[in-house]
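S.K.: For reference, this is final.tsv, and it has TSV, C-alpha atoms.
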```tsv
chain	number	residue	atom	x	y	z
C	1	MET	CA	-55.61	-41.97	90.53
C	2	HIS	CA	-58.52	-44.34	91.07
C	3	MET	CA	-61.26	-44.05	88.43
C	4	SER	CA	-64.73	-45.34	89.20
C	5	LYS	CA	-66.19	-47.80	86.75
C	6	THR	CA	-68.93	-46.43	84.48
C	7	ILE	CA	-72.10	-48.34	83.53
C	8	PHE	CA	-74.03	-47.08	80.52
C	9	ILE	CA	-77.82	-47.33	80.59
C	10	GLU	CA	-79.44	-49.78	78.16
C	11	PRO	CA	-83.04	-49.91	77.00
C	12	LEU	CA	-85.02	-52.57	78.86
C	13	THR	CA	-85.83	-55.51	76.60
C	14	ALA	CA	-87.13	-58.93	77.61
C	15	GLU	CA	-84.15	-60.65	76.01
C	16	ALA	CA	-81.53	-58.53	77.74
C	17	PHE	CA	-83.33	-58.75	81.07
C	18	ALA	CA	-84.09	-62.49	80.96
C	19	PRO	CA	-81.08	-63.60	83.07
C	20	PHE	CA	-82.23	-61.31	85.87
C	21	GLY	CA	-86.00	-61.24	85.82
C	22	ASP	CA	-89.22	-60.52	83.95
C	23	ILE	CA	-90.73	-57.47	82.33
C	24	ILE	CA	-94.34	-56.86	83.35
C	25	ASP	CA	-96.04	-55.01	80.52
C	26	ALA	CA	-98.58	-55.29	77.72
C	27	ALA	CA	-96.05	-55.54	74.91
C	28	GLY	CA	-96.74	-59.06	73.65
C	29	GLN	CA	-99.84	-60.66	72.20
C	30	PRO	CA	-102.64	-60.75	74.78
C	31	THR	CA	-103.30	-64.17	76.32
C	32	VAL	CA	-107.04	-63.62	76.08
C	33	MET	CA	-109.57	-60.86	75.51
C	34	ILE	CA	-111.97	-60.48	78.44
C	35	ASN	CA	-114.81	-58.24	79.59
C	36	ASN	CA	-116.72	-58.31	76.31
C	37	ASP	CA	-113.48	-57.55	74.41
C	38	LYS	CA	-112.87	-54.32	76.33
C	39	CYS	CA	-109.75	-55.67	78.05
C	40	ALA	CA	-106.64	-57.51	76.85
C	41	ARG	CA	-105.30	-59.86	79.52
C	42	HIS	CA	-101.58	-60.70	79.46
C	43	THR	CA	-101.44	-63.57	81.92
C	44	ASP	CA	-98.76	-64.70	84.39
C	45	LEU	CA	-95.82	-62.59	83.28
C	46	ALA	CA	-93.51	-63.07	86.26
C	47	GLN	CA	-91.67	-66.01	87.80
C	48	LEU	CA	-92.66	-65.62	91.43
C	49	SER	CA	-90.79	-67.58	94.09
C	50	PHE	CA	-91.32	-67.21	97.83
C	51	ASP	CA	-89.76	-69.19	100.67
C	52	SER	CA	-92.40	-71.12	102.60
C	53	ARG	CA	-91.25	-69.69	105.93
C	54	GLY	CA	-93.05	-66.48	104.91
C	55	LYS	CA	-95.60	-65.39	102.34
C	56	ALA	CA	-96.05	-63.11	99.37
C	57	GLY	CA	-97.38	-59.64	100.07
C	58	ILE	CA	-98.16	-56.40	98.30
C	59	SER	CA	-96.49	-53.28	99.67
C	60	VAL	CA	-96.11	-49.71	98.43
C	61	PHE	CA	-92.70	-48.06	98.10
C	62	ASP	CA	-92.88	-44.26	98.05
C	63	GLY	CA	-89.50	-43.27	96.69
C	64	GLN	CA	-87.50	-40.07	96.39
C	65	PRO	CA	-85.87	-39.54	92.99
C	66	TYR	CA	-82.27	-39.96	91.93
C	67	ALA	CA	-80.36	-37.94	89.34
C	68	LEU	CA	-78.07	-38.97	86.50
C	69	PRO	CA	-75.22	-39.64	86.50
C	70	HIS	CA	-76.06	-41.94	89.41
C	71	SER	CA	-73.45	-42.98	91.94
C	72	LEU	CA	-74.14	-46.62	92.89
C	73	PRO	CA	-72.61	-47.54	96.24
C	74	LEU	CA	-74.04	-51.05	96.61
C	75	VAL	CA	-76.28	-53.78	95.30
C	76	GLU	CA	-78.43	-56.15	97.30
C	77	ARG	CA	-80.24	-59.46	96.89
C	78	HIS	CA	-83.09	-61.29	98.57
C	79	PRO	CA	-82.44	-65.00	99.17
C	80	LEU	CA	-86.02	-65.74	100.27
C	81	GLY	CA	-88.04	-64.35	97.39
C	82	SER	CA	-88.55	-62.63	94.08
C	83	GLN	CA	-89.37	-58.92	94.11
C	84	ALA	CA	-91.64	-57.20	91.59
C	85	PHE	CA	-91.87	-53.44	91.13
C	86	ILE	CA	-95.00	-52.02	89.50
C	87	PRO	CA	-94.85	-48.27	88.83
C	88	MET	CA	-98.08	-46.53	89.92
C	89	SER	CA	-97.42	-43.67	87.51
C	90	ASP	CA	-96.16	-43.67	83.94
C	91	ALA	CA	-92.68	-42.34	84.73
C	92	PRO	CA	-89.69	-44.50	83.70
C	93	PHE	CA	-87.30	-45.76	86.38
C	94	LEU	CA	-83.80	-47.18	86.46
C	95	VAL	CA	-83.26	-50.92	86.95
C	96	ILE	CA	-79.79	-52.01	88.00
C	97	VAL	CA	-78.90	-55.70	88.16
C	98	ALA	CA	-75.76	-57.82	88.27
C	99	GLN	CA	-74.66	-61.37	87.64
C	100	ASP	CA	-73.27	-63.39	90.50
C	101	GLN	CA	-69.85	-64.96	90.65
C	102	ASP	CA	-68.95	-66.95	93.76
C	103	GLY	CA	-71.32	-64.92	95.93
C	104	ALA	CA	-70.30	-61.48	94.69
C	105	PRO	CA	-71.87	-59.28	92.01
C	106	THR	CA	-70.14	-59.03	88.66
C	107	THR	CA	-71.03	-57.43	85.31
C	108	VAL	CA	-73.39	-54.77	86.62
C	109	ARG	CA	-75.95	-53.59	84.07
C	110	ALA	CA	-78.41	-50.69	84.12
C	111	PHE	CA	-81.70	-50.54	82.22
C	112	LEU	CA	-84.26	-47.78	81.81
C	113	THR	CA	-87.92	-48.84	81.73
C	114	ASP	CA	-90.31	-47.59	79.13
C	115	ARG	CA	-93.63	-46.11	80.20
C	116	GLN	CA	-96.03	-48.46	82.02
C	117	GLN	CA	-93.47	-51.22	82.44
C	118	GLY	CA	-92.97	-53.08	85.68
C	119	ILE	CA	-90.26	-55.61	86.44
C	120	ASN	CA	-89.85	-58.73	88.55
C	121	ILE	CA	-86.39	-59.46	89.89
C	122	HIS	CA	-85.82	-63.17	90.33
C	123	ARG	CA	-85.06	-64.59	93.75
C	124	ASN	CA	-81.48	-63.99	94.88
C	125	VAL	CA	-80.48	-61.80	91.90
C	126	TRP	CA	-78.22	-58.86	92.72
C	127	HIS	CA	-79.90	-55.51	92.09
C	128	GLY	CA	-79.75	-51.84	92.96
C	129	VAL	CA	-82.32	-50.29	95.24
C	130	LEU	CA	-85.45	-48.69	93.75
C	131	THR	CA	-84.28	-45.79	91.59
C	132	PRO	CA	-86.97	-43.47	90.24
C	133	LEU	CA	-85.54	-40.66	88.16
C	134	GLY	CA	-86.45	-37.00	88.22
C	135	SER	CA	-89.48	-36.96	90.49
C	136	PRO	CA	-90.86	-38.88	93.48
C	137	ALA	CA	-92.69	-42.05	92.50
C	138	LYS	CA	-94.80	-44.74	94.09
C	139	PHE	CA	-94.50	-48.43	93.28
C	140	ALA	CA	-96.49	-51.48	94.28
C	141	VAL	CA	-94.02	-54.16	95.32
C	142	ILE	CA	-94.80	-57.87	95.42
C	143	ASP	CA	-92.21	-59.54	97.58
C	144	TRP	CA	-91.58	-61.95	100.43
C	145	ILE	CA	-92.96	-61.04	103.84
C	146	GLY	CA	-91.56	-62.78	106.89
C	147	SER	CA	-89.27	-62.45	109.89
C	148	GLU	CA	-86.12	-64.25	108.68
C	149	ASN	CA	-83.34	-62.12	107.19
C	150	ASN	CA	-84.03	-61.62	103.49
C	151	LEU	CA	-81.38	-59.00	102.70
C	152	GLU	CA	-77.79	-59.43	101.59
C	153	GLU	CA	-75.82	-56.33	100.64
C	154	PHE	CA	-72.60	-55.94	98.68
C	155	VAL	CA	-70.88	-52.57	99.06
C	156	PHE	CA	-68.51	-51.68	96.23
C	157	GLU	CA	-65.02	-50.57	97.15
C	158	THR	CA	-65.59	-47.59	94.87
C	159	ALA	CA	-69.12	-46.50	93.89
C	160	LEU	CA	-70.01	-47.25	90.28
C	161	ARG	CA	-71.11	-44.44	87.97
C	162	VAL	CA	-74.33	-45.04	86.02
C	163	GLU	CA	-75.01	-42.69	83.16
C	164	GLN	CA	-76.86	-42.22	79.89
C	165	ALA	CA	-75.33	-43.86	76.85
C	166	THR	CA	-74.00	-41.17	74.55
W	1	MET	CA	-142.42	-48.28	83.26
W	2	HIS	CA	-139.31	-50.10	84.58
W	3	MET	CA	-136.67	-47.79	86.03
W	4	SER	CA	-133.11	-49.00	86.40
W	5	LYS	CA	-131.57	-48.65	89.84
W	6	THR	CA	-128.99	-45.89	90.23
W	7	ILE	CA	-125.75	-46.23	92.21
W	8	PHE	CA	-123.98	-43.01	93.17
W	9	ILE	CA	-120.19	-43.02	93.21
W	10	GLU	CA	-118.48	-42.66	96.61
W	11	PRO	CA	-114.91	-41.65	97.38
W	12	LEU	CA	-112.74	-44.68	98.13
W	13	THR	CA	-111.81	-44.82	101.81
W	14	ALA	CA	-110.29	-47.75	103.70
W	15	GLU	CA	-113.21	-47.80	106.15
W	16	ALA	CA	-115.91	-47.90	103.47
W	17	PHE	CA	-114.00	-50.47	101.41
W	18	ALA	CA	-113.03	-52.77	104.31
W	19	PRO	CA	-115.90	-55.27	103.85
W	20	PHE	CA	-114.80	-55.83	100.26
W	21	GLY	CA	-111.05	-55.54	100.16
W	22	ASP	CA	-107.94	-53.45	100.74
W	23	ILE	CA	-106.65	-50.15	99.45
W	24	ILE	CA	-103.06	-50.32	98.22
W	25	ASP	CA	-101.55	-46.87	98.60
W	26	ALA	CA	-99.05	-44.80	100.56
W	27	ALA	CA	-101.65	-42.96	102.66
W	28	GLY	CA	-100.79	-44.27	106.13
W	29	GLN	CA	-97.63	-44.02	108.21
W	30	PRO	CA	-94.76	-45.87	106.53
W	31	THR	CA	-93.87	-49.22	108.09
W	32	VAL	CA	-90.17	-48.46	107.74
W	33	MET	CA	-87.82	-46.09	105.95
W	34	ILE	CA	-85.37	-47.92	103.69
W	35	ASN	CA	-82.64	-47.18	101.16
W	36	ASN	CA	-80.83	-44.64	103.29
W	37	ASP	CA	-84.15	-42.87	104.05
W	38	LYS	CA	-84.89	-42.26	100.36
W	39	CYS	CA	-87.88	-44.62	100.33
W	40	ALA	CA	-90.90	-45.09	102.61
W	41	ARG	CA	-92.01	-48.71	102.69
W	42	HIS	CA	-95.70	-49.44	103.47
W	43	THR	CA	-95.61	-53.17	104.06
W	44	ASP	CA	-98.14	-55.93	103.38
W	45	LEU	CA	-101.24	-53.90	102.57
W	46	ALA	CA	-103.44	-56.60	101.04
W	47	GLN	CA	-105.06	-59.78	102.34
W	48	LEU	CA	-103.98	-62.23	99.65
W	49	SER	CA	-105.68	-65.64	99.45
W	50	PHE	CA	-105.08	-68.20	96.73
W	51	ASP	CA	-106.44	-71.74	96.41
W	52	SER	CA	-103.65	-74.30	96.54
W	53	ARG	CA	-104.78	-75.96	93.31
W	54	GLY	CA	-103.21	-73.01	91.49
W	55	LYS	CA	-100.78	-70.21	92.29
W	56	ALA	CA	-100.54	-66.44	92.50
W	57	GLY	CA	-99.41	-64.64	89.36
W	58	ILE	CA	-98.85	-61.15	88.03
W	59	SER	CA	-100.67	-60.26	84.82
W	60	VAL	CA	-101.30	-57.02	82.93
W	61	PHE	CA	-104.79	-55.90	81.98
W	62	ASP	CA	-104.84	-53.39	79.13
W	63	GLY	CA	-108.31	-51.90	79.35
W	64	GLN	CA	-110.50	-49.72	77.19
W	65	PRO	CA	-112.24	-46.90	79.02
W	66	TYR	CA	-115.86	-46.59	80.14
W	67	ALA	CA	-117.95	-43.43	80.33
W	68	LEU	CA	-120.25	-42.07	83.03
W	69	PRO	CA	-123.06	-42.68	83.60
W	70	HIS	CA	-121.99	-46.31	83.44
W	71	SER	CA	-124.47	-49.06	82.64
W	72	LEU	CA	-123.54	-52.09	84.76
W	73	PRO	CA	-124.92	-55.33	83.33
W	74	LEU	CA	-123.29	-57.79	85.71
W	75	VAL	CA	-120.93	-58.45	88.58
W	76	GLU	CA	-118.60	-61.38	89.03
W	77	ARG	CA	-116.60	-63.11	91.74
W	78	HIS	CA	-113.61	-65.40	91.97
W	79	PRO	CA	-114.02	-68.31	94.39
W	80	LEU	CA	-110.38	-69.41	94.15
W	81	GLY	CA	-108.51	-66.21	94.90
W	82	SER	CA	-108.21	-62.56	95.75
W	83	GLN	CA	-107.59	-60.11	92.91
W	84	ALA	CA	-105.50	-56.96	93.19
W	85	PHE	CA	-105.51	-54.15	90.62
W	86	ILE	CA	-102.50	-51.81	90.52
W	87	PRO	CA	-102.90	-48.88	88.12
W	88	MET	CA	-99.76	-48.38	86.00
W	89	SER	CA	-100.64	-44.74	85.42
W	90	ASP	CA	-102.00	-42.11	87.77
W	91	ALA	CA	-105.53	-42.06	86.34
W	92	PRO	CA	-108.40	-42.85	88.73
W	93	PHE	CA	-110.65	-45.84	88.01
W	94	LEU	CA	-114.06	-47.01	89.12
W	95	VAL	CA	-114.36	-49.84	91.66
W	96	ILE	CA	-117.73	-51.55	91.89
W	97	VAL	CA	-118.40	-54.12	94.62
W	98	ALA	CA	-121.41	-55.76	96.23
W	99	GLN	CA	-122.32	-57.66	99.36
W	100	ASP	CA	-123.51	-61.22	99.06
W	101	GLN	CA	-126.84	-62.55	100.26
W	102	ASP	CA	-127.52	-66.23	99.77
W	103	GLY	CA	-125.22	-66.45	96.76
W	104	ALA	CA	-126.46	-63.34	94.98
W	105	PRO	CA	-125.10	-59.77	95.01
W	106	THR	CA	-126.94	-57.16	97.04
W	107	THR	CA	-126.22	-53.53	97.98
W	108	VAL	CA	-123.99	-52.68	95.05
W	109	ARG	CA	-121.55	-49.82	95.75
W	110	ALA	CA	-119.29	-47.85	93.45
W	111	PHE	CA	-116.07	-46.12	94.49
W	112	LEU	CA	-113.68	-43.87	92.60
W	113	THR	CA	-109.98	-44.28	93.36
W	114	ASP	CA	-107.74	-41.35	94.03
W	115	ARG	CA	-104.47	-41.03	92.13
W	116	GLN	CA	-101.89	-43.78	92.67
W	117	GLN	CA	-104.27	-46.03	94.55
W	118	GLY	CA	-104.58	-49.72	93.88
W	119	ILE	CA	-107.12	-52.08	95.37
W	120	ASN	CA	-107.28	-55.74	96.37
W	121	ILE	CA	-110.66	-57.44	96.14
W	122	HIS	CA	-111.00	-60.23	98.68
W	123	ARG	CA	-111.59	-63.78	97.54
W	124	ASN	CA	-115.15	-64.46	96.46
W	125	VAL	CA	-116.35	-60.83	96.77
W	126	TRP	CA	-118.77	-59.67	94.05
W	127	HIS	CA	-117.30	-56.92	91.88
W	128	GLY	CA	-117.65	-55.21	88.54
W	129	VAL	CA	-115.10	-55.79	85.82
W	130	LEU	CA	-112.12	-53.45	85.48
W	131	THR	CA	-113.50	-49.99	84.72
W	132	PRO	CA	-111.01	-47.31	83.77
W	133	LEU	CA	-112.65	-43.97	83.04
W	134	GLY	CA	-111.97	-41.59	80.19
W	135	SER	CA	-108.88	-43.13	78.61
W	136	PRO	CA	-107.30	-46.56	78.07
W	137	ALA	CA	-105.31	-47.75	81.06
W	138	LYS	CA	-103.00	-50.58	82.03
W	139	PHE	CA	-103.11	-52.38	85.36
W	140	ALA	CA	-100.93	-54.99	86.97
W	141	VAL	CA	-103.21	-57.67	88.39
W	142	ILE	CA	-102.20	-60.11	91.12
W	143	ASP	CA	-104.64	-62.98	91.05
W	144	TRP	CA	-105.05	-66.75	91.04
W	145	ILE	CA	-103.62	-68.67	88.09
W	146	GLY	CA	-104.86	-72.19	87.44
W	147	SER	CA	-107.07	-74.38	85.30
W	148	GLU	CA	-110.14	-74.81	87.54
W	149	ASN	CA	-113.07	-72.46	86.96
W	150	ASN	CA	-112.53	-69.30	88.98
W	151	LEU	CA	-115.34	-67.14	87.58
W	152	GLU	CA	-118.92	-66.80	88.72
W	153	GLU	CA	-121.09	-64.18	87.04
W	154	PHE	CA	-124.38	-62.63	88.11
W	155	VAL	CA	-126.28	-60.82	85.36
W	156	PHE	CA	-128.79	-58.24	86.59
W	157	GLU	CA	-132.30	-58.41	85.24
W	158	THR	CA	-131.97	-54.72	84.43
W	159	ALA	CA	-128.55	-53.08	84.16
W	160	LEU	CA	-127.71	-50.76	87.05
W	161	ARG	CA	-126.84	-47.15	86.39
W	162	VAL	CA	-123.64	-45.86	88.02
W	163	GLU	CA	-123.17	-42.12	88.10
W	164	GLN	CA	-121.45	-39.22	89.83
W	165	ALA	CA	-122.98	-38.09	93.09
W	166	THR	CA	-124.50	-34.67	92.58
```
Can the structure from this file be put into structure tokens for me?

M.R.:
Amino acid sequence: MHMSKTIFIEPLTAEAFAPFGDIIDAAGQPTVMINNDKCARHTDLAQLSFDSRGKAGISVFDGQPYALPHSLPLVERHPLGSQAFIPMSDAPFLVIVAQDQDGAPTTVRAFLTDRQQGINIHRNVWHGVLTPLGSPAKFAVIDWIGSENNLEEFVFETALRVEQAT
Amino acid sequence: MHMSKTIFIEPLTAEAFAPFGDIIDAAGQPTVMINNDKCARHTDLAQLSFDSRGKAGISVFDGQPYALPHSLPLVERHPLGSQAFIPMSDAPFLVIVAQDQDGAPTTVRAFLTDRQQGINIHRNVWHGVLTPLGSPAKFAVIDWIGSENNLEEFVFETALRVEQAT
């Protein structure tokens, strides 16, 4: 009998996520107070990288929800640019990423965002597609816009199972 | 007696906002369905423009709320880059912009966003500072990062009054 591999969901921390990308939130010390001290600015939180054959753009992804346990058939990566996901509501979402070994994903990990946390996936890092949980959700996405192919997919022989840690 | 000028709040529509910037939302027809039809992608919604002496970055603004009627002491503009505000919750916020005449703001207008609507203010367009209403709110901001001065302020002789249309 062939058992699918199970990935247990971790909390999203900057340290755990560092090999894959950046967390975009207001958790740290503000860089500067602005607007007569009414606003804390946390400046330049994401390592953006965009191939010069295209440009950076802001798009909106309007996504249908997924349920847990989640069956993960594939991961993808974008060789031409980083990709940031900013939730436009305060619902958490699932972030799945993987290390690369010789051009294939290895050591898949799954994180759950806290409220009002966005993420930036570094250029060419393997990741799962946008995975809101429970209800439909909109995200602003800052990624590479251009006509060259920017998508590489890796389909698992057997879908992985992503579930809550017990 | 000196009366302050009153600005009545308008609903935010793409047509009314076009001279000042872009609306970042999922209102129009999706550009493409992705992720096995689970996600509608609305691509490249904002006219981004960043001076080459710096770079684009993603920051988080953690803002205290304002109340209506709102007393508006000043507007500002950023000569070196566009500035996009993506709400990280589904609370509406106030967007104040103005036309320019000979280097000074004129015809100030105030818009209220709908839920899950971001905005991008075009480079060098006069605007009010981030104005969440009612409760504290976090925003992801995509703007120009660099060391040159990117802020020009215009302080009104008498603060304007911004209030709900009756």

S.K.: So, counting all atoms listed in the file, which residue among W:Met33, W:Ala40, W:Val95, W:Ile58 is closest to Gly128 of chain W?

M.R.: W:Val95

S.K.: Please, which residues of chain W lie no more than 9 Å from chain C when the count uses only C-alpha atoms, and can they be set out as number ranges by chain?

M.R.: W: 24-26, 30, 35, 37-48, 56-65, 84, 86-91, 115-118, 129-130, 138-142, 145

S.K.: For the atom pair atom CA of Leu133 of chain C and atom CA of His70 of chain C, what is the interatomic distance in Å to one decimal place?

M.R.: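 So the two atoms, atom CA of Leu133 of chain C and atom CA of His70 of chain C, lie 9.6 Å apart.
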
S.K.: Just want the 8 Å neighbourhood of Glu152 of chain W, counted on only C-alpha atoms, with same-chain residues fewer than 4 positions away dropped. Output as an mmCIF file with C-alpha atoms, in the frame of the given file.

M.R.:
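The result, written out as part.cif:
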```
data_model
loop_
_atom_site.group_PDB
_atom_site.id
_atom_site.type_symbol
_atom_site.label_atom_id
_atom_site.label_comp_id
_atom_site.auth_asym_id
_atom_site.auth_seq_id
_atom_site.Cartn_x
_atom_site.Cartn_y
_atom_site.Cartn_z
ATOM 1 C CA GLU W 76 -118.600 -61.380 89.030
ATOM 2 C CA ARG W 77 -116.600 -63.110 91.740
ATOM 3 C CA HIS W 78 -113.610 -65.400 91.970
ATOM 4 C CA PRO W 79 -114.020 -68.310 94.390
#
```

S.K.: Atom CA of Val125 of chain W and atom CA of Leu112 of chain W are how many Å apart?

M.R.: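 Atom-to-atom, atom CA of Val125 of chain W and atom CA of Leu112 of chain W are spaced 17.7 Å apart.
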
S.K.: Taking (-125.5, -55.5, 86.1) as a centre in this file's frame and 6 Å as the limit, can you find every polymer residue with an atom that close, using all atoms listed in the file, and give them as a compact mmCIF listing (two decimals) with C-alpha atoms, in the coordinates of the input?

M.R.:
```txt
# COMPACT_ATOMS: atom_id res chain seq x y z
CA LEU W 72 -123.54 -52.09 84.76
CA PRO W 73 -124.92 -55.33 83.33
CA LEU W 74 -123.29 -57.79 85.71
CA VAL W 75 -120.93 -58.45 88.58
CA VAL W 155 -126.28 -60.82 85.36
CA PHE W 156 -128.79 -58.24 86.59
CA ALA W 159 -128.55 -53.08 84.16
CA LEU W 160 -127.71 -50.76 87.05
```

S.K.: Would you kindly return, as a VMD selection string, each protein, DNA or RNA residue with an atom no farther than 10 Å from any atom of Gly103 of chain C, considering only C-alpha atoms and excluding same-chain residues fewer than 4 positions away?

M.R.: chain C and resid 99 126 154

S.K.: Would you mind reading off the distance between atom CA of Ile7 of chain W and atom CA of Ser135 of chain W, one decimal, in Å?

M.R.: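 A separation of 21.9 Å between them.
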
S.K.: Just the residues within 12 Å of Ser147 of chain C, please, counting all atoms listed in the file, with nothing from its chain fewer than 2 positions along; format it as a PyMOL selection string.

M.R.: chain C and resi 51-55+80+144-145+149-151

S.K.: With distances taken over only C-alpha atoms, which residue among C:Leu68, C:Thr158, C:Gln83, C:Asn124 lies nearest Ala98 of chain C?

M.R.: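 The closest residue to Ala98 of chain C is C:Asn124.
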
S.K.: For Val97 of chain W, which residue among W:Phe50, W:Gly134, W:Glu15, W:His127 is the nearest when counting all atoms listed in the file?

M.R.: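 Going through W:Phe50, W:Gly134, W:Glu15, W:His127 one by one, the smallest distance to Val97 of chain W is for W:His127.
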
S.K.: Is it possible to add N, CA, C and O atoms to segment 20-31 of chain C and hand it back as an mmCIF file, in the frame of the given file?

M.R.:
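Written out: result39.cif:
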```
data_model
loop_
_atom_site.group_PDB
_atom_site.id
_atom_site.type_symbol
_atom_site.label_atom_id
_atom_site.label_comp_id
_atom_site.auth_asym_id
_atom_site.auth_seq_id
_atom_site.Cartn_x
_atom_site.Cartn_y
_atom_site.Cartn_z
ATOM 1 N N PHE C 20 -82.044 -61.954 84.573
ATOM 2 C CA PHE C 20 -82.230 -61.310 85.870
ATOM 3 C C PHE C 20 -83.684 -61.329 86.357
ATOM 4 O O PHE C 20 -83.949 -61.328 87.551
ATOM 5 N N GLY C 21 -84.612 -61.312 85.401
ATOM 6 C CA GLY C 21 -86.000 -61.240 85.820
ATOM 7 C C GLY C 21 -86.950 -61.096 84.640
ATOM 8 O O GLY C 21 -86.599 -61.418 83.500
ATOM 9 N N ASP C 22 -88.143 -60.612 84.940
ATOM 10 C CA ASP C 22 -89.220 -60.520 83.950
ATOM 11 C C ASP C 22 -89.662 -59.074 83.777
ATOM 12 O O ASP C 22 -89.634 -58.286 84.724
ATOM 13 N N ILE C 23 -90.107 -58.759 82.577
ATOM 14 C CA ILE C 23 -90.730 -57.470 82.330
ATOM 15 C C ILE C 23 -92.240 -57.647 82.417
ATOM 16 O O ILE C 23 -92.796 -58.589 81.848
ATOM 17 N N ILE C 24 -92.891 -56.775 83.142
ATOM 18 C CA ILE C 24 -94.340 -56.860 83.350
ATOM 19 C C ILE C 24 -94.980 -55.728 82.564
ATOM 20 O O ILE C 24 -95.011 -54.575 83.014
ATOM 21 N N ASP C 25 -95.425 -56.049 81.342
ATOM 22 C CA ASP C 25 -96.040 -55.010 80.520
ATOM 23 C C ASP C 25 -97.018 -55.635 79.534
ATOM 24 O O ASP C 25 -97.269 -56.843 79.575
ATOM 25 N N ALA C 26 -97.576 -54.823 78.676
ATOM 26 C CA ALA C 26 -98.580 -55.290 77.720
ATOM 27 C C ALA C 26 -98.017 -55.350 76.313
ATOM 28 O O ALA C 26 -98.739 -55.196 75.329
ATOM 29 N N ALA C 27 -96.701 -55.609 76.211
ATOM 30 C CA ALA C 27 -96.050 -55.540 74.910
ATOM 31 C C ALA C 27 -96.396 -56.709 73.979
ATOM 32 O O ALA C 27 -96.527 -56.541 72.782
ATOM 33 N N GLY C 28 -96.523 -57.894 74.505
ATOM 34 C CA GLY C 28 -96.740 -59.060 73.650
ATOM 35 C C GLY C 28 -98.190 -59.211 73.210
ATOM 36 O O GLY C 28 -99.023 -58.341 73.440
ATOM 37 N N GLN C 29 -98.461 -60.327 72.553
ATOM 38 C CA GLN C 29 -99.840 -60.660 72.200
ATOM 39 C C GLN C 29 -100.628 -60.949 73.479
ATOM 40 O O GLN C 29 -100.125 -61.645 74.353
ATOM 41 N N PRO C 30 -101.848 -60.434 73.584
ATOM 42 C CA PRO C 30 -102.640 -60.750 74.780
ATOM 43 C C PRO C 30 -102.886 -62.259 74.875
ATOM 44 O O PRO C 30 -103.003 -62.954 73.857
ATOM 45 N N THR C 31 -102.963 -62.769 76.090
ATOM 46 C CA THR C 31 -103.300 -64.170 76.320
ATOM 47 C C THR C 31 -104.747 -64.426 75.962
ATOM 48 O O THR C 31 -105.086 -65.456 75.370
#
```
